[in-house]
Amino acid sequence: MNKTVIIIIILMCSNLFAQPGKSKGPGGQYSERMEMMLIWKMTDELELTEDQAATFFPIMRSHQKEVMELRRQEKVLFEPMYEKMKRDRKINQSEVNSLLKEIAKMDDNKTKQRVKFIKKSSEVLEPSQQLRLLMFEPKIKSQVQRDMRERFKPKPSKRGRMKKEKRPF
């Protein structure tokens, strides 16, 4: 059953690779591969049926678009401060306080969006699956961080000292 779900997801995502003009690197094919990996891991973690996957992933993509818009807004929020800092202009405390208020609002919006998404998933997911979905993001982030630490961990040299390796990129 899980194999069929994974096959369906791969077929749904395979049309992403057929799209022309996507460059490699950030925002290109690598992000598509990461998205496929995320979908695969999520399908496995939530133990989605075929029907659930067909209904759940469009809801998830809609949520992802909303989150990306919030991130874009957050980036726009910081741009004036970055410009001031680049030009060595003084930033006063009221500007910092104002920025902090806006950041707090953005964080509230992100949390509300996430809660809204989890609640909306109840149309498709069982309560235990919803709970696993709630815990999925922190779990996968922790896993990725651990993998990155292991990958870039200095390896001991032949003389017994730790030697930093050059990064492969």
# chains A, B, ... in the order shown; residues from 1 in each chain; ligands from 1

call {"tool": "closest_atom_pairs", "arguments": {"of": "stretch 12-107 of chain A", "to": "stretch 111-134 of chain A", "cutoff": "12 Å", "atoms": "only C-alpha atoms", "output": "tab-separated table"}}
result
residue	atom	partner	partner_atom	distance
A:Ile39	CA	A:Leu133	CA	11.9
A:Lys41	CA	A:Leu133	CA	11.1
A:Met42	CA	A:Leu133	CA	7.9
A:Thr43	CA	A:Leu133	CA	10.0
A:Asp44	CA	A:Arg132	CA	10.8
A:Glu45	CA	A:Arg132	CA	7.3
A:Leu46	CA	A:Gln129	CA	5.4
A:Glu47	CA	A:Gln129	CA	7.7
A:Leu48	CA	A:Leu125	CA	8.2
A:Thr49	CA	A:Leu125	CA	9.7
A:Glu50	CA	A:Val124	CA	11.3
A:Asp51	CA	A:Val124	CA	8.7
A:Gln52	CA	A:Val124	CA	5.9
A:Ala53	CA	A:Val124	CA	8.6
A:Ala54	CA	A:Val124	CA	9.6
A:Thr55	CA	A:Val124	CA	6.8
A:Phe56	CA	A:Val124	CA	6.3
A:Phe57	CA	A:Ser121	CA	9.8
A:Pro58	CA	A:Ser121	CA	10.7
A:Ile59	CA	A:Ser121	CA	7.5
A:Met60	CA	A:Phe117	CA	7.6
A:Arg61	CA	A:Phe117	CA	10.4
A:Ser62	CA	A:Phe117	CA	9.2
A:His63	CA	A:Phe117	CA	6.5
A:Gln64	CA	A:Phe117	CA	9.6
A:Lys65	CA	A:Gln113	CA	10.9
A:Glu66	CA	A:Gln113	CA	7.7
A:Val67	CA	A:Gln113	CA	7.5
A:Met68	CA	A:Gln113	CA	11.3
A:Glu69	CA	A:Gln113	CA	11.3
A:Leu70	CA	A:Gln113	CA	9.6
A:Ala104	CA	A:Thr111	CA	10.6
A:Lys105	CA	A:Thr111	CA	9.9
A:Met106	CA	A:Thr111	CA	8.6
A:Asp107	CA	A:Thr111	CA	6.2

call {"tool": "write_last_selection", "arguments": {"atoms": "C-alpha atoms", "output": "mmCIF file, in the first residue's frame"}}
result
data_model
loop_
_atom_site.group_PDB
_atom_site.id
_atom_site.type_symbol
_atom_site.label_atom_id
_atom_site.label_comp_id
_atom_site.auth_asym_id
_atom_site.auth_seq_id
_atom_site.Cartn_x
_atom_site.Cartn_y
_atom_site.Cartn_z
ATOM 1 C CA ILE A 39 6.939 14.321 0.487
ATOM 2 C CA LYS A 41 9.364 11.101 4.234
ATOM 3 C CA MET A 42 6.051 12.709 5.168
ATOM 4 C CA THR A 43 4.082 9.989 3.394
ATOM 5 C CA ASP A 44 6.085 7.386 5.259
ATOM 6 C CA GLU A 45 5.895 9.167 8.639
ATOM 7 C CA LEU A 46 2.137 9.827 8.440
ATOM 8 C CA GLU A 47 1.406 6.423 6.876
ATOM 9 C CA LEU A 48 -0.851 8.037 4.283
ATOM 10 C CA THR A 49 -3.203 5.985 2.151
ATOM 11 C CA GLU A 50 -3.486 6.732 -1.562
ATOM 12 C CA ASP A 51 -6.729 8.645 -1.058
ATOM 13 C CA GLN A 52 -5.309 10.614 1.844
ATOM 14 C CA ALA A 53 -2.192 11.532 -0.142
ATOM 15 C CA ALA A 54 -4.259 12.676 -3.117
ATOM 16 C CA THR A 55 -6.259 15.019 -0.879
ATOM 17 C CA PHE A 56 -3.605 16.036 1.656
ATOM 18 C CA PHE A 57 -0.757 17.178 -0.597
ATOM 19 C CA PRO A 58 -2.750 19.887 -2.427
ATOM 20 C CA ILE A 59 -3.722 21.276 1.006
ATOM 21 C CA MET A 60 -0.069 21.150 2.045
ATOM 22 C CA ARG A 61 1.090 22.934 -1.126
ATOM 23 C CA SER A 62 -1.443 25.680 -0.516
ATOM 24 C CA HIS A 63 -0.102 26.063 3.021
ATOM 25 C CA GLN A 64 3.477 26.170 1.698
ATOM 26 C CA LYS A 65 2.545 29.006 -0.668
ATOM 27 C CA GLU A 66 1.098 30.977 2.250
ATOM 28 C CA VAL A 67 4.249 30.384 4.309
ATOM 29 C CA MET A 68 6.459 31.480 1.392
ATOM 30 C CA GLU A 69 4.437 34.694 1.113
ATOM 31 C CA LEU A 70 4.941 35.358 4.834
ATOM 32 C CA ALA A 104 6.266 39.536 16.588
ATOM 33 C CA LYS A 105 3.218 40.038 14.323
ATOM 34 C CA MET A 106 4.861 37.980 11.588
ATOM 35 C CA ASP A 107 5.638 35.174 14.033
#

call {"tool": "select_by_dssp", "arguments": {"residues": "stretch 74-166 of chain A", "states": "helix (DSSP H, G or I)", "output": "PyMOL selection string"}}
result
chain A and resi 74-86+93-123+127-151

call {"tool": "write_last_selection", "arguments": {"atoms": "C-alpha atoms", "output": "PDB file, in the first residue's frame"}}
result
ATOM      1  CA  GLU A  74       9.430  39.272   6.390  1.00  0.00           C
ATOM      2  CA  LYS A  75      12.307  39.818   3.986  1.00  0.00           C
ATOM      3  CA  VAL A  76      10.735  43.052   2.747  1.00  0.00           C
ATOM      4  CA  LEU A  77      10.354  44.133   6.365  1.00  0.00           C
ATOM      5  CA  PHE A  78      14.117  43.910   6.938  1.00  0.00           C
ATOM      6  CA  GLU A  79      15.238  45.595   3.701  1.00  0.00           C
ATOM      7  CA  PRO A  80      15.100  49.222   4.942  1.00  0.00           C
ATOM      8  CA  MET A  81      17.217  48.352   7.975  1.00  0.00           C
ATOM      9  CA  TYR A  82      19.761  46.508   5.863  1.00  0.00           C
ATOM     10  CA  GLU A  83      20.033  49.517   3.582  1.00  0.00           C
ATOM     11  CA  LYS A  84      20.595  51.841   6.532  1.00  0.00           C
ATOM     12  CA  MET A  85      23.269  49.564   7.921  1.00  0.00           C
ATOM     13  CA  LYS A  86      25.010  49.317   4.536  1.00  0.00           C
ATOM     14  CA  GLN A  93      15.830  52.560  19.332  1.00  0.00           C
ATOM     15  CA  SER A  94      12.316  53.411  18.129  1.00  0.00           C
ATOM     16  CA  GLU A  95      13.124  51.886  14.713  1.00  0.00           C
ATOM     17  CA  VAL A  96      14.388  48.723  16.392  1.00  0.00           C
ATOM     18  CA  ASN A  97      11.302  48.574  18.632  1.00  0.00           C
ATOM     19  CA  SER A  98       9.055  49.050  15.611  1.00  0.00           C
ATOM     20  CA  LEU A  99      10.846  46.262  13.766  1.00  0.00           C
ATOM     21  CA  LEU A 100      10.530  43.978  16.785  1.00  0.00           C
ATOM     22  CA  LYS A 101       6.754  44.615  16.902  1.00  0.00           C
ATOM     23  CA  GLU A 102       6.467  43.735  13.224  1.00  0.00           C
ATOM     24  CA  ILE A 103       8.540  40.573  13.709  1.00  0.00           C
ATOM     25  CA  ALA A 104       6.266  39.536  16.588  1.00  0.00           C
ATOM     26  CA  LYS A 105       3.218  40.038  14.323  1.00  0.00           C
ATOM     27  CA  MET A 106       4.861  37.980  11.588  1.00  0.00           C
ATOM     28  CA  ASP A 107       5.638  35.174  14.033  1.00  0.00           C
ATOM     29  CA  ASP A 108       2.022  35.230  15.240  1.00  0.00           C
ATOM     30  CA  ASN A 109       0.847  34.998  11.626  1.00  0.00           C
ATOM     31  CA  LYS A 110       3.166  32.041  10.966  1.00  0.00           C
ATOM     32  CA  THR A 111       1.863  30.250  14.045  1.00  0.00           C
ATOM     33  CA  LYS A 112      -1.752  30.952  13.065  1.00  0.00           C
ATOM     34  CA  GLN A 113      -1.101  29.643   9.554  1.00  0.00           C
ATOM     35  CA  ARG A 114       0.445  26.452  10.931  1.00  0.00           C
ATOM     36  CA  VAL A 115      -2.452  25.858  13.349  1.00  0.00           C
ATOM     37  CA  LYS A 116      -4.935  26.553  10.536  1.00  0.00           C
ATOM     38  CA  PHE A 117      -3.120  24.004   8.338  1.00  0.00           C
ATOM     39  CA  ILE A 118      -3.112  21.331  11.059  1.00  0.00           C
ATOM     40  CA  LYS A 119      -6.829  21.936  11.707  1.00  0.00           C
ATOM     41  CA  LYS A 120      -7.619  21.794   7.983  1.00  0.00           C
ATOM     42  CA  SER A 121      -5.718  18.520   7.737  1.00  0.00           C
ATOM     43  CA  SER A 122      -8.364  16.982  10.027  1.00  0.00           C
ATOM     44  CA  GLU A 123     -10.553  16.753   6.911  1.00  0.00           C
ATOM     45  CA  PRO A 127      -5.984  12.443  14.934  1.00  0.00           C
ATOM     46  CA  SER A 128      -2.821  10.345  15.372  1.00  0.00           C
ATOM     47  CA  GLN A 129      -1.668  11.394  11.884  1.00  0.00           C
ATOM     48  CA  GLN A 130      -2.354  15.032  12.741  1.00  0.00           C
ATOM     49  CA  LEU A 131      -0.177  14.710  15.826  1.00  0.00           C
ATOM     50  CA  ARG A 132       2.618  13.135  13.749  1.00  0.00           C
ATOM     51  CA  LEU A 133       2.239  15.976  11.249  1.00  0.00           C
ATOM     52  CA  LEU A 134       2.580  18.490  14.070  1.00  0.00           C
ATOM     53  CA  MET A 135       5.808  16.825  15.196  1.00  0.00           C
ATOM     54  CA  PHE A 136       7.145  16.183  11.666  1.00  0.00           C
ATOM     55  CA  GLU A 137       8.721  19.594  10.966  1.00  0.00           C
ATOM     56  CA  PRO A 138      10.828  19.793  14.150  1.00  0.00           C
ATOM     57  CA  LYS A 139      11.801  16.142  13.733  1.00  0.00           C
ATOM     58  CA  ILE A 140      12.966  16.548  10.127  1.00  0.00           C
ATOM     59  CA  LYS A 141      14.837  19.784  10.929  1.00  0.00           C
ATOM     60  CA  SER A 142      16.666  18.042  13.737  1.00  0.00           C
ATOM     61  CA  GLN A 143      17.492  15.137  11.441  1.00  0.00           C
ATOM     62  CA  VAL A 144      18.866  17.443   8.734  1.00  0.00           C
ATOM     63  CA  GLN A 145      20.978  19.365  11.262  1.00  0.00           C
ATOM     64  CA  ARG A 146      22.396  16.123  12.621  1.00  0.00           C
ATOM     65  CA  ASP A 147      23.181  14.894   9.107  1.00  0.00           C
ATOM     66  CA  MET A 148      24.888  18.201   8.256  1.00  0.00           C
ATOM     67  CA  ARG A 149      27.028  18.043  11.413  1.00  0.00           C
ATOM     68  CA  GLU A 150      28.064  14.501  10.555  1.00  0.00           C
ATOM     69  CA  ARG A 151      28.807  15.379   6.949  1.00  0.00           C
TER      70      ARG A 151
END

call {"tool": "atom_distance", "arguments": {"atom1": "atom CA of A:Arg72", "atom2": "atom CA of A:Arg89"}}
result
24.5 Å

call {"tool": "atom_distance", "arguments": {"atom1": "atom CA of A:Arg71", "atom2": "atom CA of A:Glu32"}}
result
18.7 Å
